[in-house]
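Engineer: Below is a structure I'd like to ask you about.
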There are 2 protein chains.
Amino acid sequence: MRDAYHEELDSIGDSLVEMARLVGSAIGRATAAILDSDLKLAESVIEGDEKVDDLQHDLEARAIALLARQQPVATDLRIVVTSLRMSADLERSGDLAQHVAKLTRLRYPERAIPQDLHATILEMGQLAQRLMAKAAEVIITKDVDLAMQLEQDDDAMDLLHRTLFQHLMDERWKHGIETAVDVTLLGRYYERYADHAVAVAKRVVYLVTGEHADELQQDIQPDIQPVSGVEGA
Amino acid sequence: MRDAYHEELDSIGDSLVEMARLVGSAIGRATAAILDSDLKLAESVIEGDEKVDDLQHDLEARAIALLARQQPVATDLRIVVTSLRMSADLERSGDLAQHVAKLTRLRYPERAIPQDLHATILEMGQLAQRLMAKAAEVIITKDVDLAMQLEQDDDAMDLLHRTLFQHLMDERWKHGIETAVDVTLLGRYYERYADHAVAVAKRVVYLVTGEHADELQQDIQPDIQPVSGVEGA
């Protein structure tokens with residue numbers, strides 16, 4: 001009985017890793033789609049999100065069944081409850097990748113992103129994908145140091161987000177309001193995506209140490225707000 | 001023992017209602033602050049969010065302790081797990097109200113919102129507060145019909161969000177890029193706030209009926225994207 005139980009716990013972990021893998025791929029493909037204005041690729045990201053949602057529903061059902069049947073306590077209980085939260089973070093990350101893809105579709109055949117912002121958006125997309133890959137690794141390895149590193153990577157995302165705002169606020173901005181709105185939302189999608197990846201890693205820290213990552217290290221992921229040389233948050 | 005247990009379950013419900021009350025008040029006050037450029041009021045919203053975070057941490061600790069000690073099954077188990085999710089929605093709503101307040105502070109003493117958008121923003125703020133008040137009522141009454149109504153109210157928020165985008169996309173827009181960025185983010189904050197209020201109500205539906213609200217009724221809360229006469233989502 002105990003063996004079947006730990007198998008079930010492991011399989012919940014496997015599902016989390018699979019979700020992280022899918023949403024990591026999704027943000028990478030969504031970024032390619034928006035930069036290349038590739039409608040087919042965008043559609044595949046939009047449709048692919050259903051798989052992530054299905055995985056989450058399935059994971060939730062299994063976690064709740066496990067709680068009811070096995071009534072875990074202590075660490076095992078924490079693992080199950082925390083897994084539910086991680087699955088919510090991952091599901092939301094998938095939504096955000098889908099938003100990037102939908103913006104591509106909305107503007108198609110136009111390109112949503114002007115050429116002079118391509119490098120920044122590309123970097124945000126790559127960083128987001130890397131953050132999620134690390135989050136998956138943290139789930140597998142339970143490596144607290146790697147989890148902490150993830151929080152620092154998130155600073156890089158904040159910097160990119162600021163760069164984006166600097167472009168927007170530059171008086172030489174010549175791409176009009178619609179593009180400014182698109183770029184503002186896009187920046188927010190990547191930032192929130194990164195926040196969720198970091199949250200996943202933090203939750204692993206909580207599992208391993210019993211302490212919230214914030215208590216181990218000062219919280220370094222303030223929500224960014226638009227800046228004009230001023231700190232936003 | 002069973003009595004203390006049900007008392008504890010009730011007290012978790014009370015905390016959820018208290019959180020909903022606080023974040024409902026927060027979005028109302030944040031809206032007043034941004035419309036009047038009232039720095040003091042904005043600061044009070046920003047500081048007040050700590051209370052919401054504390055309530056959430058406390059609720060989570062109690063819920064997990066309850067799972068460990070009492071090992072509830074069936075409905076009671078569902079209530080505890082769902083309460084954890086609702087508290088996450090409410091905590092996030094508080095963050096979003098705080099974002100509105102922070103935008104006020106960032107632009108102070110300037111006003112973030114041009115006069116011709118005041119009515120729309122006011123309406124979004126009022127609707128958000130009303131949605132949260134109804135969500136609290138749904139938690140208390142477990143009224144499935146009221147919960148469904150909340151989903152329909154959310155359509156009104158989508159309409160307001162579209163109105164905001166129409167202003168932004170209007171070629172007569174004369175408030176510049178910075179304000180366009182602020183208004184874009186602000187619209188997103190209200191929309192997400194409303195989504196979380198609706199999510200809280202939906203979770204109550206799940207508790208009462210055992211079915212996800214989406215399965216009872218078609219999902220009517222697509223994430224809005226910028227529009228220009230086209231459906232975004």
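Simple scheme: letters A, B, ... for chains in structure tokens order, numbers from 1 for residues in each chain, numbers from 1 for ligands in the order shown.
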After superposing chain A onto chain B (least squares, all C-alpha atoms, pairing by order), export the transformed chain as a CSV table (one decimal) with C-alpha atoms, in the first residue's frame.
Structural biologist:
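And here's part.csv as it stands now:
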chain,number,residue,atom,x,y,z
A,1,MET,CA,-13.4,16.9,18.8
A,2,ARG,CA,-15.7,17.1,15.8
A,3,ASP,CA,-17.1,20.3,17.2
A,4,ALA,CA,-13.7,22.0,17.5
A,5,TYR,CA,-13.1,20.7,14.0
A,6,HIS,CA,-16.1,22.3,12.4
A,7,GLU,CA,-15.4,25.5,14.3
A,8,GLU,CA,-12.0,25.5,12.7
A,9,LEU,CA,-13.6,25.0,9.3
A,10,ASP,CA,-16.0,27.8,9.9
A,11,SER,CA,-13.1,30.1,11.0
A,12,ILE,CA,-11.4,29.4,7.7
A,13,GLY,CA,-14.5,30.5,6.0
A,14,ASP,CA,-14.6,33.6,8.1
A,15,SER,CA,-11.0,34.4,7.2
A,16,LEU,CA,-11.9,34.2,3.5
A,17,VAL,CA,-14.8,36.6,3.9
A,18,GLU,CA,-12.5,38.9,5.8
A,19,MET,CA,-9.9,38.8,3.0
A,20,ALA,CA,-12.6,39.5,0.4
A,21,ARG,CA,-13.8,42.4,2.5
A,22,LEU,CA,-10.3,43.9,2.8
A,23,VAL,CA,-9.4,43.5,-0.9
A,24,GLY,CA,-12.9,44.8,-1.9
A,25,SER,CA,-12.3,47.9,0.1
A,26,ALA,CA,-8.7,48.1,-1.3
A,27,ILE,CA,-9.8,48.2,-4.9
A,28,GLY,CA,-12.4,50.9,-4.1
A,29,ARG,CA,-9.9,53.0,-2.3
A,30,ALA,CA,-7.2,52.5,-4.9
A,31,THR,CA,-9.6,53.6,-7.6
A,32,ALA,CA,-10.5,56.8,-5.6
A,33,ALA,CA,-6.7,57.4,-5.1
A,34,ILE,CA,-5.8,57.1,-8.7
A,35,LEU,CA,-8.7,59.3,-9.9
A,36,ASP,CA,-8.1,62.0,-7.3
A,37,SER,CA,-4.3,61.5,-7.3
A,38,ASP,CA,-4.5,61.1,-3.5
A,39,LEU,CA,-1.1,60.0,-2.3
A,40,LYS,CA,-2.2,59.4,1.3
A,41,LEU,CA,-5.0,57.1,0.3
A,42,ALA,CA,-2.7,55.3,-2.2
A,43,GLU,CA,-0.2,54.7,0.6
A,44,SER,CA,-2.8,53.4,2.9
A,45,VAL,CA,-3.8,50.8,0.2
A,46,ILE,CA,-0.2,49.8,-0.3
A,47,GLU,CA,0.4,49.4,3.4
A,48,GLY,CA,-2.9,47.7,4.0
A,49,ASP,CA,-2.0,44.8,1.7
A,50,GLU,CA,0.2,43.4,4.3
A,51,LYS,CA,-2.9,42.6,6.4
A,52,VAL,CA,-4.2,40.5,3.5
A,53,ASP,CA,-1.0,38.7,3.1
A,54,ASP,CA,-0.9,37.9,6.8
A,55,LEU,CA,-4.4,36.6,6.7
A,56,GLN,CA,-3.5,34.3,3.8
A,57,HIS,CA,-0.4,32.9,5.5
A,58,ASP,CA,-2.4,32.3,8.7
A,59,LEU,CA,-5.3,30.7,6.8
A,60,GLU,CA,-2.9,28.4,5.0
A,61,ALA,CA,-1.2,27.3,8.1
A,62,ARG,CA,-4.5,26.5,9.7
A,63,ALA,CA,-5.8,24.7,6.7
A,64,ILE,CA,-2.7,22.5,6.5
A,65,ALA,CA,-2.8,21.8,10.3
A,66,LEU,CA,-6.5,20.8,9.9
A,67,LEU,CA,-5.6,18.4,7.1
A,68,ALA,CA,-2.9,16.9,9.2
A,69,ARG,CA,-4.8,16.6,12.5
A,70,GLN,CA,-8.3,15.8,11.3
A,71,GLN,CA,-7.7,14.1,7.9
A,72,PRO,CA,-11.0,15.2,6.5
A,73,VAL,CA,-12.4,13.2,3.6
A,74,ALA,CA,-15.1,13.9,0.9
A,75,THR,CA,-16.8,17.3,1.2
A,76,ASP,CA,-14.7,18.5,4.1
A,77,LEU,CA,-11.5,17.7,2.3
A,78,ARG,CA,-12.8,19.6,-0.7
A,79,ILE,CA,-13.7,22.6,1.4
A,80,VAL,CA,-10.2,22.8,2.8
A,81,VAL,CA,-8.4,22.4,-0.5
A,82,THR,CA,-10.7,24.8,-2.2
A,83,SER,CA,-10.3,27.4,0.6
A,84,LEU,CA,-6.6,27.3,0.0
A,85,ARG,CA,-7.2,28.2,-3.6
A,86,MET,CA,-9.7,30.9,-2.8
A,87,SER,CA,-7.2,32.5,-0.4
A,88,ALA,CA,-4.7,32.5,-3.2
A,89,ASP,CA,-7.2,34.3,-5.5
A,90,LEU,CA,-8.0,36.8,-2.8
A,91,GLU,CA,-4.3,37.5,-2.0
A,92,ARG,CA,-3.6,38.1,-5.7
A,93,SER,CA,-6.6,40.5,-5.9
A,94,GLY,CA,-5.1,42.5,-3.1
A,95,ASP,CA,-1.8,42.7,-5.0
A,96,LEU,CA,-3.7,44.1,-8.0
A,97,ALA,CA,-5.4,46.7,-5.9
A,98,GLN,CA,-2.0,47.6,-4.6
A,99,HIS,CA,-0.7,47.9,-8.2
A,100,VAL,CA,-3.4,50.5,-8.9
A,101,ALA,CA,-2.3,52.4,-5.8
A,102,LYS,CA,1.4,52.2,-6.7
A,103,LEU,CA,0.6,53.7,-10.1
A,104,THR,CA,-1.0,56.6,-8.3
A,105,ARG,CA,2.2,57.0,-6.2
A,106,LEU,CA,4.5,56.7,-9.3
A,107,ARG,CA,2.7,59.5,-11.1
A,108,TYR,CA,2.0,61.8,-8.1
A,109,PRO,CA,1.5,64.7,-8.1
A,110,GLU,CA,0.5,64.3,-11.7
A,111,ARG,CA,-2.8,62.4,-12.4
A,112,ALA,CA,-2.2,59.0,-14.1
A,113,ILE,CA,-5.7,59.1,-15.7
A,114,PRO,CA,-6.8,61.8,-18.1
A,115,GLN,CA,-10.2,63.3,-17.4
A,116,ASP,CA,-11.9,61.7,-20.4
A,117,LEU,CA,-11.2,58.3,-19.0
A,118,HIS,CA,-12.3,59.0,-15.5
A,119,ALA,CA,-15.8,57.7,-16.0
A,120,THR,CA,-14.6,54.4,-17.5
A,121,ILE,CA,-12.0,53.8,-14.8
A,122,LEU,CA,-14.5,54.7,-12.1
A,123,GLU,CA,-16.9,52.2,-13.5
A,124,MET,CA,-14.2,49.5,-13.6
A,125,GLY,CA,-13.3,50.2,-10.0
A,126,GLN,CA,-16.9,50.1,-8.8
A,127,LEU,CA,-17.6,47.0,-10.8
A,128,ALA,CA,-14.5,45.3,-9.4
A,129,GLN,CA,-15.5,46.2,-5.8
A,130,ARG,CA,-19.1,45.0,-6.5
A,131,LEU,CA,-17.8,41.7,-7.9
A,132,MET,CA,-15.8,41.1,-4.8
A,133,ALA,CA,-18.7,42.0,-2.5
A,134,LYS,CA,-20.7,39.4,-4.3
A,135,ALA,CA,-17.9,36.9,-4.1
A,136,ALA,CA,-17.9,37.4,-0.4
A,137,GLU,CA,-21.7,36.9,-0.3
A,138,VAL,CA,-21.3,33.7,-2.3
A,139,ILE,CA,-18.7,32.4,0.2
A,140,ILE,CA,-21.2,33.1,3.0
A,141,THR,CA,-24.4,31.9,1.4
A,142,LYS,CA,-23.1,29.2,-1.0
A,143,ASP,CA,-25.6,30.6,-3.5
A,144,VAL,CA,-24.9,29.0,-6.8
A,145,ASP,CA,-27.3,31.3,-8.7
A,146,LEU,CA,-25.5,34.3,-7.4
A,147,ALA,CA,-22.2,32.8,-8.3
A,148,MET,CA,-23.4,32.3,-11.9
A,149,GLN,CA,-24.6,35.9,-11.9
A,150,LEU,CA,-21.1,37.0,-11.0
A,151,GLU,CA,-19.8,35.4,-14.2
A,152,GLN,CA,-22.2,37.5,-16.2
A,153,ASP,CA,-21.2,40.6,-14.4
A,154,ASP,CA,-17.7,39.9,-15.5
A,155,ASP,CA,-18.9,40.4,-19.1
A,156,ALA,CA,-19.6,44.0,-18.1
A,157,MET,CA,-16.0,44.3,-17.1
A,158,ASP,CA,-14.9,42.9,-20.4
A,159,LEU,CA,-17.0,45.6,-22.1
A,160,LEU,CA,-15.4,48.3,-20.0
A,161,HIS,CA,-12.0,46.9,-20.9
A,162,ARG,CA,-12.9,47.2,-24.6
A,163,THR,CA,-14.1,50.7,-24.1
A,164,LEU,CA,-10.7,51.6,-22.6
A,165,PHE,CA,-8.9,50.0,-25.6
A,166,GLN,CA,-11.2,51.9,-28.0
A,167,HIS,CA,-10.1,55.2,-26.3
A,168,LEU,CA,-6.5,54.1,-26.6
A,169,MET,CA,-6.8,53.2,-30.3
A,170,ASP,CA,-8.8,56.3,-31.2
A,171,GLU,CA,-6.6,58.3,-33.5
A,172,ARG,CA,-7.6,61.4,-31.6
A,173,TRP,CA,-5.8,60.0,-28.5
A,174,LYS,CA,-3.8,63.0,-27.3
A,175,HIS,CA,-2.4,61.8,-24.0
A,176,GLY,CA,0.9,60.4,-25.2
A,177,ILE,CA,2.6,57.1,-24.8
A,178,GLU,CA,3.3,57.1,-21.0
A,179,THR,CA,-0.4,57.5,-20.3
A,180,ALA,CA,-1.3,54.9,-22.9
A,181,VAL,CA,1.1,52.5,-21.1
A,182,ASP,CA,-0.4,53.4,-17.7
A,183,VAL,CA,-4.0,52.9,-18.9
A,184,THR,CA,-3.1,49.6,-20.6
A,185,LEU,CA,-1.7,48.2,-17.3
A,186,LEU,CA,-4.5,49.7,-15.3
A,187,GLY,CA,-7.1,48.0,-17.5
A,188,ARG,CA,-5.3,44.7,-17.1
A,189,TYR,CA,-5.2,45.1,-13.3
A,190,TYR,CA,-9.0,45.6,-13.1
A,191,GLU,CA,-9.6,42.7,-15.5
A,192,ARG,CA,-7.5,40.3,-13.6
A,193,TYR,CA,-9.0,41.5,-10.3
A,194,ALA,CA,-12.4,40.7,-11.7
A,195,ASP,CA,-11.2,37.3,-12.9
A,196,HIS,CA,-10.1,36.4,-9.4
A,197,ALA,CA,-13.4,37.4,-7.9
A,198,VAL,CA,-15.2,35.3,-10.5
A,199,ALA,CA,-12.8,32.4,-9.8
A,200,VAL,CA,-13.6,32.6,-6.1
A,201,ALA,CA,-17.3,32.3,-6.9
A,202,LYS,CA,-16.7,29.4,-9.3
A,203,ARG,CA,-14.8,27.5,-6.6
A,204,VAL,CA,-17.8,27.8,-4.3
A,205,VAL,CA,-20.0,26.4,-7.2
A,206,TYR,CA,-17.5,23.5,-7.3
A,207,LEU,CA,-17.8,22.9,-3.6
A,208,VAL,CA,-21.6,22.9,-3.7
A,209,THR,CA,-22.2,20.9,-6.9
A,210,GLY,CA,-19.0,19.0,-7.2
A,211,GLU,CA,-18.8,20.3,-10.8
A,212,HIS,CA,-16.6,23.0,-12.2
A,213,ALA,CA,-18.6,26.0,-13.1
A,214,ASP,CA,-17.2,25.8,-16.6
A,215,GLU,CA,-19.0,22.5,-17.0
A,216,LEU,CA,-22.3,23.9,-15.9
A,217,GLN,CA,-22.1,26.9,-18.1
A,218,GLN,CA,-19.9,27.8,-21.0
A,219,ASP,CA,-16.8,29.7,-19.9
A,220,ILE,CA,-17.6,33.3,-20.3
A,221,GLN,CA,-14.5,35.0,-19.2
A,222,PRO,CA,-11.9,34.9,-21.9
A,223,ASP,CA,-8.8,36.9,-21.3
A,224,ILE,CA,-9.2,40.1,-23.2
A,225,GLN,CA,-6.6,41.2,-25.5
A,226,PRO,CA,-6.2,44.6,-27.2
A,227,VAL,CA,-8.9,45.0,-29.8
A,228,SER,CA,-9.3,47.1,-32.8
A,229,GLY,CA,-12.8,46.1,-33.8
A,230,VAL,CA,-11.7,42.4,-33.7
A,231,GLU,CA,-12.3,39.9,-30.9
A,232,GLY,CA,-9.1,39.5,-29.0
A,233,ALA,CA,-9.3,36.1,-27.4
Engineer: Mind the document's chain letters and residue numbers, and return as a ChimeraX atom specification the residues of stretch 55-150 of chain A that DSSP labels alpha helix (DSSP H).
Structural biologist: /A:55-70,74-107,118-141,144-150
